[in-house]
file structure.txt (compact mmCIF, C-alpha atoms and all ligand atoms)
# COMPACT_ATOMS: atom_id res chain seq x y z
CA MET A 120 -13.47 12.63 19.81
CA ASP A 121 -14.17 13.44 23.49
CA THR A 122 -16.46 16.32 22.56
CA ASP A 123 -18.34 14.34 19.89
CA VAL A 124 -19.11 11.60 22.39
CA ALA A 125 -20.05 14.18 25.02
CA ASP A 126 -22.47 15.95 22.63
CA SER A 127 -24.22 12.75 21.66
CA LEU A 128 -24.34 11.50 25.25
CA SER A 129 -25.79 14.82 26.49
CA THR A 130 -28.59 14.56 23.92
CA GLN A 131 -29.38 11.01 24.97
CA PHE A 132 -29.29 12.10 28.61
CA LEU A 133 -31.85 14.79 27.80
CA ASP A 134 -34.11 12.24 26.11
CA ARG A 135 -33.91 9.89 29.04
CA PHE A 136 -33.97 12.22 32.04
CA GLY A 137 -35.76 15.29 30.61
CA ASP A 138 -32.93 17.71 31.33
CA LEU A 139 -29.35 18.35 30.23
CA PRO A 140 -26.50 16.98 32.38
CA ASP A 141 -24.36 19.35 34.49
CA GLY A 142 -21.34 17.97 32.63
CA VAL A 143 -19.64 14.99 31.04
CA TRP A 144 -16.63 13.23 32.57
CA ALA A 145 -14.32 10.64 31.01
CA ALA A 146 -12.10 8.03 32.67
CA PRO A 147 -9.71 5.69 30.82
CA GLY A 148 -9.25 1.95 30.84
CA ARG A 149 -5.69 0.69 31.07
CA VAL A 150 -3.24 -1.88 29.85
CA ASN A 151 -0.63 -3.12 32.27
CA LEU A 152 2.83 -3.57 30.77
CA VAL A 153 4.19 -5.58 33.70
CA GLY A 154 3.45 -6.11 37.40
CA GLU A 155 0.40 -8.37 37.55
CA HIS A 156 -1.34 -9.48 40.75
CA THR A 157 1.14 -7.36 42.68
CA ASP A 158 -1.06 -4.43 43.73
CA TYR A 159 -2.87 -6.29 46.51
CA ASN A 160 0.53 -7.50 47.70
CA GLY A 161 1.87 -3.98 48.25
CA GLY A 162 4.01 -4.26 45.12
CA TYR A 163 4.85 -2.54 41.85
CA ALA A 164 3.03 -2.27 38.53
CA LEU A 165 3.64 -0.39 35.28
CA PRO A 166 0.34 0.35 33.54
CA LEU A 167 -0.63 3.04 31.06
CA ALA A 168 -3.99 4.73 30.53
CA LEU A 169 -5.61 3.80 27.24
CA PRO A 170 -7.13 6.38 24.91
CA HIS A 171 -10.30 4.28 25.32
CA ARG A 172 -12.52 5.86 27.94
CA THR A 173 -15.84 5.54 29.68
CA TYR A 174 -17.96 8.69 29.56
CA ALA A 175 -20.43 9.67 32.26
CA ALA A 176 -23.02 12.40 31.74
CA VAL A 177 -24.11 13.45 35.20
CA ARG A 178 -26.69 15.77 36.73
CA ARG A 179 -26.46 16.25 40.48
CA ARG A 180 -29.59 15.70 42.58
CA ASP A 181 -29.94 16.94 46.13
CA ASP A 182 -32.64 14.47 47.17
CA GLY A 183 -30.28 11.51 47.60
CA LEU A 184 -31.79 9.58 44.69
CA LEU A 185 -29.58 7.73 42.21
CA ARG A 186 -30.85 7.04 38.69
CA VAL A 187 -28.24 5.06 36.76
CA ALA A 188 -28.29 4.02 33.09
CA SER A 189 -25.77 2.75 30.55
CA LEU A 190 -25.76 2.60 26.77
CA GLN A 191 -24.08 -0.80 27.16
CA ALA A 192 -26.63 -2.37 29.50
CA PRO A 193 -30.34 -3.05 28.93
CA HIS A 194 -31.37 -2.28 32.50
CA GLY A 195 -30.59 0.66 34.73
CA TRP A 196 -31.13 1.06 38.44
CA GLU A 197 -32.86 3.57 40.62
CA GLY A 198 -32.82 3.94 44.40
CA PRO A 199 -31.86 6.15 47.35
CA VAL A 200 -28.11 6.35 48.01
CA THR A 201 -28.80 5.27 51.60
CA THR A 202 -29.99 1.81 50.43
CA VAL A 203 -26.75 0.95 48.60
CA ARG A 204 -24.83 -1.94 50.14
CA GLN A 205 -23.03 -5.13 49.08
CA GLY A 206 -25.26 -6.84 46.50
CA SER A 207 -27.67 -3.88 46.21
CA PRO A 208 -27.75 -2.96 43.43
CA ASP A 209 -26.38 -6.14 41.94
CA GLY A 210 -24.78 -6.16 38.50
CA TRP A 211 -23.05 -3.31 36.73
CA ALA A 212 -24.88 -0.45 38.52
CA ALA A 213 -23.04 -1.38 41.74
CA TYR A 214 -19.87 0.26 40.36
CA VAL A 215 -21.65 3.62 40.07
CA ALA A 216 -23.98 3.42 43.05
CA GLY A 217 -21.11 2.13 45.20
CA VAL A 218 -19.00 5.19 44.48
CA ALA A 219 -21.93 7.50 45.27
CA SER A 220 -22.56 5.67 48.53
CA VAL A 221 -18.93 5.82 49.71
CA LEU A 222 -18.74 9.50 48.72
CA ALA A 223 -22.02 10.30 50.50
CA GLU A 224 -20.61 8.75 53.64
CA ARG A 225 -17.43 10.77 53.21
CA ALA A 226 -19.28 14.00 52.60
CA GLY A 227 -21.51 13.27 55.59
CA ALA A 228 -24.43 13.99 53.30
CA ALA A 229 -27.22 11.48 52.74
CA GLU A 230 -28.65 13.75 50.05
CA VAL A 231 -25.80 13.08 47.58
CA GLY A 232 -27.59 11.82 44.48
CA MET A 233 -27.34 11.99 40.71
CA ASP A 234 -28.80 11.05 37.37
CA VAL A 235 -26.09 9.39 35.29
CA LEU A 236 -25.89 7.96 31.80
CA VAL A 237 -22.66 6.19 30.86
CA ASP A 238 -21.17 5.26 27.53
CA GLY A 239 -18.25 2.86 27.76
CA HIS A 240 -15.62 2.85 25.01
CA VAL A 241 -13.36 0.44 26.91
CA PRO A 242 -14.17 -3.14 25.83
CA LEU A 243 -16.17 -4.68 28.69
CA GLY A 244 -14.62 -7.58 30.57
CA ALA A 245 -11.54 -7.66 28.30
CA GLY A 246 -9.01 -7.24 31.10
CA LEU A 247 -8.61 -3.57 30.14
CA SER A 248 -10.42 -2.28 33.20
CA SER A 249 -13.78 -1.06 31.99
CA SER A 250 -14.92 -1.50 35.60
CA ALA A 251 -12.52 1.10 37.02
CA ALA A 252 -13.19 3.40 34.06
CA LEU A 253 -16.86 3.21 35.04
CA SER A 254 -16.42 3.83 38.77
CA CYS A 255 -13.77 6.53 38.26
CA SER A 256 -15.84 8.51 35.73
CA ALA A 257 -18.78 8.63 38.15
CA GLY A 258 -16.53 9.33 41.13
CA LEU A 259 -14.78 12.26 39.48
CA ALA A 260 -18.14 13.73 38.42
CA LEU A 261 -19.47 13.66 41.98
CA ARG A 262 -16.23 15.07 43.37
CA ASP A 263 -16.57 18.02 41.00
CA LEU A 264 -20.33 18.55 41.55
CA VAL A 265 -20.85 18.07 45.29
CA PRO A 266 -19.61 21.09 47.28
CA GLN A 267 -18.84 19.00 50.41
CA LEU A 268 -16.34 16.99 48.33
CA ASP A 269 -14.43 20.02 47.18
CA GLY A 270 -10.69 19.44 47.66
CA LEU A 271 -10.86 15.65 47.60
CA SER A 272 -7.69 14.68 45.73
CA GLU A 273 -7.42 12.14 42.91
CA ALA A 274 -5.32 9.96 45.22
CA GLU A 275 -8.14 10.00 47.80
CA LEU A 276 -10.68 9.29 45.09
CA VAL A 277 -8.71 6.15 44.17
CA GLY A 278 -9.37 4.84 47.68
CA VAL A 279 -13.07 5.69 47.35
CA CYS A 280 -13.40 3.78 44.06
CA VAL A 281 -11.49 0.78 45.41
CA ARG A 282 -13.79 0.66 48.45
CA ALA A 283 -16.86 0.90 46.20
CA GLU A 284 -15.65 -2.04 44.09
CA ASN A 285 -14.58 -4.13 47.10
CA GLU A 286 -17.53 -3.41 49.37
CA VAL A 287 -20.49 -2.87 47.03
CA ALA A 288 -19.64 -4.55 43.70
CA GLY A 289 -17.92 -7.40 45.56
CA ALA A 290 -14.81 -7.28 43.33
CA ALA A 291 -11.57 -7.82 45.28
CA THR A 292 -9.49 -5.46 43.10
CA GLY A 293 -6.24 -4.15 44.50
CA GLY A 294 -6.06 -0.53 43.28
CA MET A 295 -3.87 -0.52 40.17
CA ASP A 296 -6.81 0.07 37.82
CA GLN A 297 -8.29 2.98 39.75
CA THR A 298 -4.87 4.54 40.31
CA VAL A 299 -3.91 4.67 36.66
CA SER A 300 -7.40 5.78 35.58
CA LEU A 301 -7.37 8.77 37.95
CA ARG A 302 -3.64 9.58 38.19
CA ALA A 303 -2.14 8.73 34.78
CA VAL A 304 0.24 11.21 33.15
CA ASP A 305 -0.45 11.80 29.46
CA GLU A 306 1.99 10.09 27.07
CA HIS A 307 3.62 8.15 29.92
CA LEU A 308 3.54 4.82 31.65
CA LEU A 309 2.96 5.01 35.37
CA LEU A 310 5.17 3.21 37.88
CA LEU A 311 2.91 2.44 40.84
CA ASP A 312 4.06 1.48 44.27
CA ALA A 313 1.09 0.01 46.11
CA ARG A 314 2.92 0.21 49.45
CA ASP A 315 3.15 3.99 49.70
CA ARG A 316 0.68 4.68 46.85
CA SER A 317 3.24 6.78 45.01
CA VAL A 318 3.19 7.14 41.22
CA VAL A 319 6.14 7.99 38.98
CA PRO A 320 5.66 8.81 35.28
CA VAL A 321 7.90 6.71 33.02
CA ALA A 322 8.61 7.81 29.45
CA TRP A 323 8.19 5.50 26.48
CA THR A 324 11.71 5.46 25.07
CA LEU A 325 11.28 3.04 22.17
CA PRO A 326 10.13 5.19 19.25
CA ASP A 327 10.40 2.33 16.76
CA HIS A 328 8.19 0.07 18.84
CA GLU A 329 4.63 0.11 20.04
CA LEU A 330 2.30 -1.87 22.24
CA LEU A 331 -0.35 -3.92 20.51
CA VAL A 332 -3.22 -5.17 22.65
CA VAL A 333 -4.88 -8.41 21.64
CA ASP A 334 -8.36 -8.90 23.10
CA THR A 335 -8.93 -12.66 22.94
CA ARG A 336 -12.66 -12.08 23.50
CA VAL A 337 -12.82 -15.05 25.79
CA HIS A 338 -13.66 -14.96 29.46
CA HIS A 339 -13.51 -18.23 31.35
CA ALA A 340 -16.07 -18.71 34.11
CA LEU A 341 -13.27 -20.59 35.88
CA GLY A 342 -11.90 -17.17 36.73
CA ASP A 343 -14.79 -16.38 39.03
CA GLY A 344 -13.57 -16.72 42.56
CA GLN A 345 -9.99 -17.48 41.47
CA TYR A 346 -8.91 -13.85 41.89
CA GLU A 347 -10.14 -13.87 45.49
CA ARG A 348 -8.49 -17.23 46.05
CA ARG A 349 -5.10 -15.96 44.80
CA ARG A 350 -5.43 -12.94 47.01
CA ARG A 351 -6.28 -15.05 50.06
CA THR A 352 -3.33 -17.40 49.47
CA CYS A 353 -0.97 -14.41 49.35
CA GLU A 354 -2.43 -13.00 52.56
CA GLU A 355 -2.11 -16.34 54.33
CA ALA A 356 1.47 -16.73 53.08
CA ALA A 357 2.40 -13.24 54.28
CA ALA A 358 0.90 -13.97 57.70
CA ALA A 359 2.76 -17.30 57.93
CA LEU A 360 6.01 -15.54 57.04
CA GLY A 361 5.37 -12.85 59.63
CA VAL A 362 5.15 -9.92 57.22
CA GLY A 363 2.32 -7.47 56.61
CA SER A 364 2.44 -8.07 52.85
CA LEU A 365 4.61 -10.07 50.44
CA ARG A 366 6.31 -6.84 49.46
CA GLU A 367 8.13 -6.86 52.81
CA LEU A 368 10.02 -10.02 51.81
CA ASP A 369 13.54 -9.57 50.56
CA PRO A 370 13.50 -10.99 47.00
CA GLU A 371 16.94 -12.42 47.69
CA VAL A 372 15.38 -15.11 49.88
CA LEU A 373 14.53 -16.82 46.61
CA ASP A 374 18.13 -17.63 45.73
CA ARG A 375 19.86 -17.33 49.07
CA ASP A 376 18.07 -19.27 51.73
CA TRP A 377 14.68 -20.24 50.34
CA GLU A 378 15.03 -23.92 51.33
CA ARG A 379 16.95 -23.55 54.59
CA PRO A 380 15.39 -25.04 57.76
CA ALA A 381 12.62 -22.64 58.86
CA GLY A 382 13.16 -20.77 55.55
CA PRO A 383 10.20 -19.53 53.49
CA ALA A 384 9.78 -22.75 51.52
CA ARG A 385 9.43 -24.78 54.71
CA VAL A 386 7.09 -22.29 56.37
CA LEU A 387 4.79 -22.20 53.32
CA HIS A 388 4.66 -25.94 52.95
CA GLY A 389 1.26 -26.28 54.62
CA ILE A 390 -0.52 -23.64 52.52
CA PRO A 391 -1.70 -25.10 49.21
CA ASP A 392 0.08 -23.52 46.21
CA ALA A 393 1.62 -20.78 48.36
CA LEU A 394 5.16 -21.46 47.20
CA PRO A 395 4.73 -20.76 43.48
CA ARG A 396 2.30 -17.89 44.20
CA VAL A 397 4.84 -16.15 46.43
CA ARG A 398 7.58 -16.81 43.89
CA HIS A 399 5.49 -15.08 41.22
CA VAL A 400 4.86 -12.01 43.35
CA LEU A 401 8.52 -11.60 44.35
CA THR A 402 9.92 -12.16 40.86
CA GLU A 403 7.22 -9.98 39.28
CA ASN A 404 8.08 -7.03 41.53
CA GLU A 405 11.70 -7.34 40.41
CA ARG A 406 10.65 -7.53 36.75
CA VAL A 407 8.79 -4.22 37.08
CA LEU A 408 11.89 -2.40 38.33
CA ASP A 409 14.11 -4.18 35.80
CA LEU A 410 11.76 -3.21 32.98
CA VAL A 411 11.78 0.44 34.03
CA ALA A 412 15.60 0.32 33.93
CA ALA A 413 15.54 -1.42 30.53
CA LEU A 414 13.26 1.31 29.18
CA ARG A 415 15.64 3.96 30.44
CA GLU A 416 18.47 2.16 28.60
CA GLN A 417 16.29 1.77 25.49
CA ASP A 418 17.02 -1.95 25.60
CA VAL A 419 14.23 -3.40 23.44
CA ALA A 420 15.34 -7.01 23.80
CA ARG A 421 15.41 -6.77 27.59
CA VAL A 422 11.99 -5.08 27.79
CA GLY A 423 10.59 -7.86 25.63
CA SER A 424 12.21 -10.71 27.52
CA LEU A 425 10.95 -9.34 30.86
CA MET A 426 7.40 -9.20 29.46
CA THR A 427 7.66 -12.78 28.25
CA ALA A 428 9.14 -13.92 31.57
CA SER A 429 6.19 -12.27 33.32
CA HIS A 430 3.83 -14.30 31.15
CA ALA A 431 5.61 -17.55 31.98
CA SER A 432 5.42 -16.74 35.69
CA LEU A 433 1.67 -15.96 35.48
CA ARG A 434 1.10 -19.14 33.49
CA ASP A 435 3.24 -21.54 35.53
CA ASP A 436 3.55 -20.10 39.04
CA TYR A 437 0.40 -18.01 39.44
CA GLU A 438 -1.74 -20.16 37.11
CA VAL A 439 -4.02 -17.40 35.84
CA SER A 440 -3.41 -17.72 32.09
CA CYS A 441 -5.51 -19.78 29.67
CA PRO A 442 -4.95 -21.50 26.29
CA GLU A 443 -6.08 -18.47 24.25
CA LEU A 444 -3.67 -16.14 26.05
CA ASP A 445 -0.82 -18.65 25.75
CA LEU A 446 -1.61 -19.04 22.05
CA THR A 447 -1.52 -15.25 21.56
CA VAL A 448 1.86 -14.95 23.24
CA GLU A 449 3.30 -17.91 21.34
CA ALA A 450 2.03 -16.65 17.96
CA ALA A 451 3.26 -13.09 18.57
CA LEU A 452 6.73 -14.25 19.61
CA GLY A 453 6.81 -16.68 16.68
CA ALA A 454 6.10 -13.77 14.34
CA GLY A 455 9.11 -11.89 15.69
CA ALA A 456 7.67 -9.73 18.49
CA PRO A 457 10.39 -9.08 21.11
CA GLY A 458 7.97 -9.73 24.00
CA ALA A 459 4.38 -10.56 24.89
CA ARG A 460 2.32 -11.35 27.95
CA MET A 461 -1.18 -11.62 29.28
CA THR A 462 -2.39 -8.43 30.95
CA GLY A 463 -5.03 -7.91 33.63
CA GLY A 464 -6.40 -10.52 36.00
CA GLY A 465 -6.26 -13.42 33.53
CA PHE A 466 -8.48 -16.43 32.64
CA GLY A 467 -9.19 -14.71 29.32
CA GLY A 468 -9.19 -11.05 28.45
CA SER A 469 -6.22 -9.45 26.72
CA ALA A 470 -2.53 -9.82 26.00
CA VAL A 471 -0.06 -7.01 25.34
CA VAL A 472 2.62 -7.39 22.68
CA LEU A 473 5.77 -5.32 22.16
CA VAL A 474 6.17 -4.98 18.43
CA ALA A 475 8.29 -3.03 15.94
CA ARG A 476 6.16 -0.37 14.21
CA THR A 477 6.96 -1.85 10.83
CA GLU A 478 5.77 -5.30 11.91
CA VAL A 479 2.46 -4.54 13.60
CA GLU A 480 0.32 -5.80 10.71
CA GLN A 481 2.34 -8.96 10.30
CA VAL A 482 2.27 -9.85 13.99
CA ALA A 483 -1.47 -9.15 14.22
CA GLU A 484 -2.05 -11.29 11.15
CA SER A 485 -0.06 -14.18 12.65
CA VAL A 486 -2.07 -14.05 15.86
CA ALA A 487 -5.34 -13.92 13.89
CA GLN A 488 -4.25 -16.91 11.81
CA ALA A 489 -3.32 -18.90 14.92
CA PHE A 490 -6.81 -18.25 16.32
CA ALA A 491 -8.41 -19.31 13.04
CA ARG A 492 -6.35 -22.51 12.96
CA GLU A 493 -7.61 -23.40 16.43
CA GLY A 494 -11.20 -22.71 15.39
CA LEU A 495 -11.44 -19.70 17.73
CA ASP A 496 -13.39 -16.50 17.05
CA ALA A 497 -11.18 -13.73 15.69
CA PRO A 498 -9.45 -11.62 18.36
CA ALA A 499 -9.69 -7.80 18.38
CA PHE A 500 -6.64 -5.53 18.18
CA LEU A 501 -6.07 -2.17 19.87
CA HIS A 502 -3.12 0.22 19.77
CA ALA A 503 -2.05 1.15 23.28
CA VAL A 504 -0.92 4.77 23.11
CA PRO A 505 -0.64 6.25 26.62
CA GLY A 506 -3.41 8.79 27.20
CA PRO A 507 -4.41 11.29 29.90
CA PRO A 508 -6.10 10.53 33.23
CA ALA A 509 -9.81 10.94 34.03
CA HIS A 510 -11.00 14.46 33.32
CA ARG A 511 -14.04 16.64 32.83
CA VAL A 512 -14.86 16.86 29.14
CA ARG A 513 -17.40 19.67 29.53
P1 LIG A 601 -12.72 -5.28 33.02
O1 LIG A 601 -12.65 -4.29 34.14
O2 LIG A 601 -11.39 -5.85 32.69
O3 LIG A 601 -13.40 -4.75 31.81
P2 LIG A 601 -14.46 -6.56 34.89
O4 LIG A 601 -15.10 -7.91 34.93
O5 LIG A 601 -13.67 -6.13 36.04
O6 LIG A 601 -13.60 -6.51 33.53
O7 LIG A 601 -15.58 -5.46 34.66
C1 LIG A 601 -16.53 -5.59 33.65
C2 LIG A 601 -17.89 -5.24 34.23
O8 LIG A 601 -17.96 -3.82 34.48
C3 LIG A 601 -19.02 -5.50 33.26
O9 LIG A 601 -19.45 -6.84 33.35
C4 LIG A 601 -20.07 -4.55 33.79
O10 LIG A 601 -20.69 -5.07 34.96
C5 LIG A 601 -19.26 -3.35 34.23
N1 LIG A 601 -19.17 -2.30 33.20
C6 LIG A 601 -18.05 -1.73 32.72
N2 LIG A 601 -18.33 -0.77 31.84
C7 LIG A 601 -19.67 -0.71 31.73
C8 LIG A 601 -20.59 0.10 30.97
N3 LIG A 601 -20.16 1.04 30.12
N4 LIG A 601 -21.90 -0.13 31.14
C9 LIG A 601 -22.35 -1.08 32.00
N5 LIG A 601 -21.53 -1.85 32.73
C10 LIG A 601 -20.22 -1.68 32.61
MG MG A 602 -12.15 -4.73 36.18

call {"tool": "encode", "arguments": {"input": "structure.txt", "output": "structure tokens", "more": "lines below"}}
Ligand code: ADP
Ligand code: MG
result
Amino acid sequence: MDTDVADSLSTQFLDRFGDLPDGVWAAPGRVNLVGEHTDYNGGYALPLALPHRTYAAVRRRDDGLLRVASLQAPHGWEGPVTTVRQGSPDGWAAYVAGVASVLAERAGAAEVGMDVLVDGHVPLGAGLSSSAALSCSAGLALRDLVPQLDGLSEAELVGVCVRAENEVAGAATGGMDQTVSLRAVDEHLLLLDARDRSVVPVAWTLPDHELLVVDTRVHHALGDGQYERRRRTCEEAAAALGVGSLRELDPEVLDRDWERPAGPARVLHGIPDALPRVRHVLTENERVLDLVAALREQDVARVGSLMTASHASLRDDYEVSCPELDLTVEAALGAGAPGARMTGGGFGGSAVVLVARTEVEQVAESVAQAFAREGLDAPAFLHAVPGPPAHRVR
């Protein structure tokens, strides 16, 4: 599969740029099993790398020019790496140009340039992180091609891609997506700790069950700006509580002394919505660790109920779900799935469903029927089998 895509992409690169690429790199999208909106709060997440990848055919240039094109976008972009800044380029090319610009700064070399043609096999804007797959594929290519970047680790490259998305593309992402794309372990989930940036591979211990991804194919414009707003509320809440990030809070404050005089509930009173947002982050961090333990114990019911509890928390406390995601979860559970939740930032995109192997068709059919009954376009289904991290294909 990888090599077929690489062959075809190399030929198209030749047609477009008049020369063969130096190589082809691939970086995966991801589905997050649990731990949503926790990464920018210094917390835990448990994603896996999808077998769906974005491919980047790249030829290094030493004149500092970037020429960027995608099979999924009608327009490319061309310009010197030194002109890249927030909003320039605007649109999709910012993810690629941004990485080149941050890497050029790091290498201390204004002449870092490239021709790049990308082919994305991660559904775009489906909450499965096509954006990080894009920036990470380009970032890994430059790391491998530019001598001054020799020795830059994958962990360091994560930071580069996050900066590119935050500072050039203007997306306030927290780092989970880039971490799993660059540092995944094949056939494993990845337990991420955003506080110390450590990653621990976690085995899938439920051989009779699999993860079904439901792409609702909706994206609500309402979501624009909401991600940033959630992030800002969390930062304001942490500051009001006197901690560097919400991760520093002892989750026990929730049951022990949440309401006491000068307790967290009182302190947060003046910040709109802070209370339920903080509650989501604290309970979600606990769910990640509980789910890892449940996997170790091969406790299917517990894994499922933690996923479903995560969905309820994102819907009610964090308020980032939407009717199509709620419908998916409800229909999947109604059809007998042990657990289901929205995955990714929310306001549309995808849900992830834990389902017995023998019942995949039936659960998918129930979800599709629920969509049809509501007059919605049919959702798309993907099997989430954990794949390898970003790598050079040729
Ligand atoms: P997600 O990362 O969940 O897919 P985002 O909104 O974060 O959703 O990122 C989607 C955006 O990433 C697209 O709108 C586009 O700008 C960019 N993108 C991702 N993959 C490609 C690609 N192969 N070609 C062009 N743009 C892409
Ligand atoms: Mg994204």

call {"tool": "residues_around", "arguments": {"input": "structure.txt", "residues": "Leu169 of chain A", "least_positions_apart": "3", "cutoff": "8 Å", "atoms": "all atoms listed in the file", "output": "PyMOL selection string"}}
result
chain A and resi 147-150+172+503-506

call {"tool": "residues_around", "arguments": {"input": "structure.txt", "residues": "Leu222 of chain A", "least_positions_apart": "4", "cutoff": "7 Å", "atoms": "all atoms listed in the file", "output": "MDAnalysis selection string"}}
result
chainID A and resid 218 226 279

call {"tool": "residues_near_ligand", "arguments": {"input": "structure.txt", "ligand": "ligand LIG 601 (chain A)", "cutoff": "8 Å", "atoms": "all atoms listed in the file", "output": "PyMOL selection string"}}
result
chain A and resi 148+173-174+188-192+210-212+214+237-253+290+463-464+468

call {"tool": "atom_distance", "arguments": {"input": "structure.txt", "atom1": "atom CA of Leu408 of chain A", "atom2": "atom CA of Ala451 of chain A"}}
result
24.1 Å

call {"tool": "atom_distance", "arguments": {"input": "structure.txt", "atom1": "atom CA of Arg406 of chain A", "atom2": "atom CA of Leu373 of chain A"}}
result
14.1 Å

call {"tool": "build_atoms", "arguments": {"input": "structure.txt", "residues": "segment 441-452 of chain A", "atoms": "N, CA and C atoms", "output": "compact mmCIF listing (two decimals), keeping the file's coordinate frame"}}
result
# COMPACT_ATOMS: atom_id res chain seq x y z
N CYS A 441 -4.57 -18.83 30.27
CA CYS A 441 -5.51 -19.78 29.67
C CYS A 441 -4.98 -20.07 28.26
N PRO A 442 -5.50 -21.11 27.59
CA PRO A 442 -4.95 -21.50 26.29
C PRO A 442 -4.96 -20.37 25.26
N GLU A 443 -6.01 -19.54 25.26
CA GLU A 443 -6.08 -18.47 24.25
C GLU A 443 -5.01 -17.40 24.49
N LEU A 444 -4.72 -17.11 25.75
CA LEU A 444 -3.67 -16.14 26.05
C LEU A 444 -2.30 -16.73 25.72
N ASP A 445 -2.09 -18.01 26.06
CA ASP A 445 -0.82 -18.65 25.75
C ASP A 445 -0.61 -18.70 24.23
N LEU A 446 -1.68 -18.98 23.51
CA LEU A 446 -1.61 -19.04 22.05
C LEU A 446 -1.22 -17.67 21.47
N THR A 447 -1.82 -16.62 22.02
CA THR A 447 -1.52 -15.25 21.56
C THR A 447 -0.04 -14.94 21.74
N VAL A 448 0.46 -15.25 22.93
CA VAL A 448 1.86 -14.95 23.24
C VAL A 448 2.79 -15.74 22.32
N GLU A 449 2.49 -17.03 22.18
CA GLU A 449 3.30 -17.91 21.34
C GLU A 449 3.30 -17.43 19.87
N ALA A 450 2.13 -17.08 19.36
CA ALA A 450 2.03 -16.65 17.96
C ALA A 450 2.75 -15.32 17.75
N ALA A 451 2.61 -14.41 18.70
CA ALA A 451 3.26 -13.09 18.57
C ALA A 451 4.78 -13.24 18.59
N LEU A 452 5.28 -14.05 19.53
CA LEU A 452 6.73 -14.25 19.61
C LEU A 452 7.22 -14.95 18.36
